[in-house]
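Peer 1: One structure, as structure tokens, below. Some questions next.
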Amino acid sequence: MIKTSVTAWYSRFKKSISYKEYWLCFITGLSLVLAYAPFSQWYLTLILPAFVFNQIQRQPPKKAAKLMGVFAFGWFASGISWVHVSIDQFGGLPLMLSLGLMLLLCLYLAIFPALAAYLTARFSKKRQLNLWLLPSFWLISEYLRSVFLTGFPWLSLGYSQIDSPLANFAPIIGEVGITALVIMINVNWVNLINRKKINRSKNTRYAVGLFLIVASLSVILGKVSWVLPTGTTTKVALVQGNIAQSIKWAPEQEWPTMLKYLDLSRVNFDAELIIWPESAIPAQEPTVQDYLSTVNRSALLNDSAIITGILNYNFESKEYFNSLVVLGKQQADDEQGYYYNHRNRYSKHHLLPIGEFVPFQEWLRPLAPLFNLPQSSFARGNYIQKNLVANNLHLLPLLCFEIAFPHQLAANYANTTDLLLTVSNDAWFGGSHGPHQHMEIARMRALEFGRPLLRATNNGITAVVDHQGQFIARVPQFQEIVLNAEVPLVTGKTPYSQWPQLILLLLMIIPLIIAKALERKNVT
């Protein structure tokens with residue numbers, strides 16, 4: 001019996017070794033997390049995918065899709081492992097079931113890169129794949145990932161390059177364009193190494209030429225200023241309350257939390273603008289009018305403005321909204337400031353599935369606490385809303401997850417926009433790498449749109465970023481603290497901020513044209 005068991009084990013082990021190409025893809029995908037914050041080894045993204053692309057180069061469509069899918073599964077399994085923190089700690093599910101949900105999420109996300117590989121193989125005329133088709137199909141699949149089932153565009157390859165020379169391309173082609181460049185660079189490595197002797201000299205010239213063009217453009221673009229300083233600054237104070245998620249929605253903690261934010265702000269009223277994080281006021285707006293009036297008067301008396309996250313209930317529609325409201329001074333000579341249901345507010349549009357709304361809630365809510373999290377029944381705000389106005393500053397707001405959607409930002413971007421504002425509560429994810437990736441995404445938005453960005457969070461990462469995506473100031477996570485900073489204002493627009501949809505379309509089409517041209521020249 002023992003001999004039979006050993007034989008069976010050895011047979012399974014030998015079979016697993018025969019799948020070494022799949023293991024290579026999986027381990028490569030797992031390693032890719034190191035390219036993103038907080039590890040920030042950005043050069044890995046320019047090398048690691050090439051190992052996978054090399055594996056799919058001579059494969060039929062289905063095999064290419066499987067190999068890419070295994071790579072993507074490893075990529076997401078390590079990259080978004082922080083999601084499991086919230087499921088495990090607050091979902092009320094057995095460990096095996098919560099791990100099963102993570103497995104399904106990663107398998108779902110892996111479908112999109114697998115689709116890109118399948119289409120690349122399917123539309124390659126020769127037996128050997130035309131890998132130059134991959135950038136276009138990759139962007140198409142990434143776009144689908146950003147819109148299907150409300151979208152989850154997290155961990156896109158371009159975000160890993162926020163501190164690399166490729167970041168200089170962001171004001172022109174955005175993060176999505178940098179993703180295309182990353183794919184092209186990796187394809188170039190494959191084609192540079194795997195050249196037939198008969199074409200090696202010619203193809204080497206093409207490969208080296210591409211590297212030189214990208215490097216040269218990066219240096220040139222690094223010297224271009226798309227926006228100009230106005231010569232003025234504004235003083236801001238971002239309040240990080242550090243409220244534990246386990247007590248955030250406890251009724252007895254409502255007033256202690258609200259008083260904490262007011263006390264932390266009172267000693268910072270010399271700031272023109274004070275920002276509180278998402279749902280800093282853990283109560284419905286109509287029920288705390290006396291408190292809001294007190295905060296409003298305090299801000300007005302000190303010639304300051306406060307923007308805070310709050311929950312609102314609309315009595316007419318009987319809907320709840322995850323909102324931001326402006327208290328204190330709004331326009332010049334403003335003597336009233338806030339009043340209930342004033343228009344100087346923002347309601348979150350892009351809601352997080354399960355966390356803020358539950359699809360098929362009639363069936364899912366009875367199953368587990370995961371589907372009955374506090375405040376998980378919000379309605380959507382409009383896709384396009386006016387910028388907030390606080391102390392004569394115009395701020396384009398995005399709540400938490402919304403910062404990952406550049407087209408929503410572009411739709412609300414105006415000539416008068418002075419600052420980008422994002423607030424969040426990442427306490428759901430503890431000390432994981434999730435908040436660091438979230439901050440990385442926010443930095444990319446500032447660089448793409450050429451505007452300083454304020455990011456206030458409950459427990460970190462709270463930071464102020466300039467129009468080049470670089471930190472002006474930041475404070476440590478998991479501390480009750482106020483970040484004070486002087487923010488230089490700028491004017492002008494980046495190319496990407498004006499034509500993001502057109503740029504995305506061109507980025508999908510142009511690589512296809514290049515791929516077919518190279519195919520005719522036998523450089524694939």
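Just remember, in the structure tokens the first chain shown is A, the second B, etc., residues are 1-based per chain, and ligands are 1-based in the order shown.
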Might you pull out every residue within 9 Å of range 179-190 of chain A, with only C-alpha atoms counted and same-chain residues fewer than 3 positions away left off, and present them as a count of residues only?
Peer 2: 38
Peer 1: List every residue of range 233-478 of chain A that DSSP, applied to the backbone, labels as helix (DSSP H, G or I), and write the result as a ChimeraX atom specification.
Peer 2: /A:245-248,251-266,285-301,361-364,369-372,400-404,406-412,426-429,434-449
Peer 1: CA of Leu228 in chain A and CA of Ala485 in chain A are how many Å apart?
Peer 2: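 Between CA of Leu228 in chain A and CA of Ala485 in chain A the gap is 19.8 Å.
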Peer 1: Rounded to one decimal in Å, what is the spacing between CA of Ala411 in chain A and CA of Ile384 in chain A?
Peer 2: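 One can read the CA of Ala411 in chain A to CA of Ile384 in chain A distance as 6.4 Å.
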Peer 1: Might you pull out every residue within 8 Å of Gly328 in chain A, with only C-alpha atoms counted and same-chain residues fewer than 3 positions away left off, and present them as a ChimeraX atom specification?
Peer 2: /A:295-300,303-306,336-338,390
Peer 1: Can you pull out every residue within 7 Å of Gln477 in chain A, counting only C-alpha atoms, but drop anything in the same chain fewer than 3 positions away, and send it as an mmCIF file with C-alpha atoms, in the first residue's frame?
Peer 2:
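Now in part.cif:
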```cif
data_model
loop_
_atom_site.group_PDB
_atom_site.id
_atom_site.type_symbol
_atom_site.label_atom_id
_atom_site.label_comp_id
_atom_site.auth_asym_id
_atom_site.auth_seq_id
_atom_site.Cartn_x
_atom_site.Cartn_y
_atom_site.Cartn_z
ATOM 1 C CA ASN A 459 -5.737 55.899 8.855
ATOM 2 C CA GLY A 460 -3.375 56.506 5.909
ATOM 3 C CA ILE A 461 -1.943 57.087 3.469
#
```
Peer 1: Hey, can you check how far CA of Leu396 in chain A sits from CA of Trp255 in chain A?
Peer 2: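 Going from CA of Leu396 in chain A over to CA of Trp255 in chain A covers 29.1 Å.
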Peer 1: May I ask which of the residues A:Val227, A:Leu502, A:Leu447, A:Leu93 is the closest one to Ile162 in chain A, counting only C-alpha atoms?
Peer 2: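 Nearest to Ile162 in chain A: A:Leu447.
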Peer 1: Excluding Ala427 in chain A and any residue of its chain fewer than 3 positions from it, enumerate the residues within 10 Å of it, using only C-alpha atoms, and give them as a PyMOL selection string.
Peer 2: chain A and resi 86+242-246+248+424+430-432+435+457-460+477-478
Peer 1: Please produce a file of the residues just selected, as a compact mmCIF listing (two decimals), in the first residue's frame, where the atoms kept are C-alpha atoms.
Peer 2:
```
# COMPACT_ATOMS: atom_id res chain seq x y z
CA SER A 86 -11.35 42.90 4.62
CA ASN A 242 -7.26 56.96 12.78
CA ILE A 243 -10.62 55.51 13.82
CA ALA A 244 -10.52 51.71 14.06
CA GLN A 245 -12.88 50.07 11.57
CA SER A 246 -14.22 47.78 14.29
CA LYS A 248 -16.34 53.21 13.30
CA SER A 424 -10.83 57.34 1.52
CA GLY A 430 -5.04 47.01 7.70
CA GLY A 431 -1.29 47.04 7.14
CA SER A 432 -1.48 45.39 3.72
CA PRO A 435 -3.36 51.49 0.66
CA THR A 457 -7.77 59.14 4.71
CA ASN A 458 -8.97 57.72 7.99
CA ASN A 459 -5.74 55.90 8.85
CA GLY A 460 -3.37 56.51 5.91
CA GLN A 477 -0.18 55.41 8.67
CA PHE A 478 -2.09 54.40 11.80
```
Peer 1: Which residue out of A:Arg443, A:Arg455, A:Arg520, A:Arg58 has the minimum interatomic distance to Cys400 in chain A when only C-alpha atoms are used?
Peer 2: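 Smallest separation from Cys400 in chain A among the options: A:Arg455.
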Peer 1: Enumerate the residues of range 99-263 of chain A with a DSSP assignment of strand (DSSP E), computed from the backbone, and present them as a PyMOL selection string.
Peer 2: chain A and resi 228-240
Peer 1: Can you write out the residues you just picked, keeping C-alpha atoms, as a tab-separated table (two decimals), in the first residue's frame?
Peer 2:
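After the write, out34.tsv holds the following:
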```tsv
chain	number	residue	atom	x	y	z
A	228	LEU	CA	2.58	76.57	-15.46
A	229	PRO	CA	2.73	77.79	-11.83
A	230	THR	CA	0.34	80.61	-11.03
A	231	GLY	CA	2.74	81.96	-8.42
A	232	THR	CA	0.21	81.44	-5.63
A	233	THR	CA	-0.08	78.77	-2.96
A	234	THR	CA	-2.82	77.61	-0.66
A	235	LYS	CA	-2.38	76.28	2.86
A	236	VAL	CA	-4.18	73.00	3.53
A	237	ALA	CA	-4.65	70.78	6.56
A	238	LEU	CA	-5.61	67.11	6.09
A	239	VAL	CA	-6.99	65.42	9.20
A	240	GLN	CA	-6.24	61.73	9.74
```
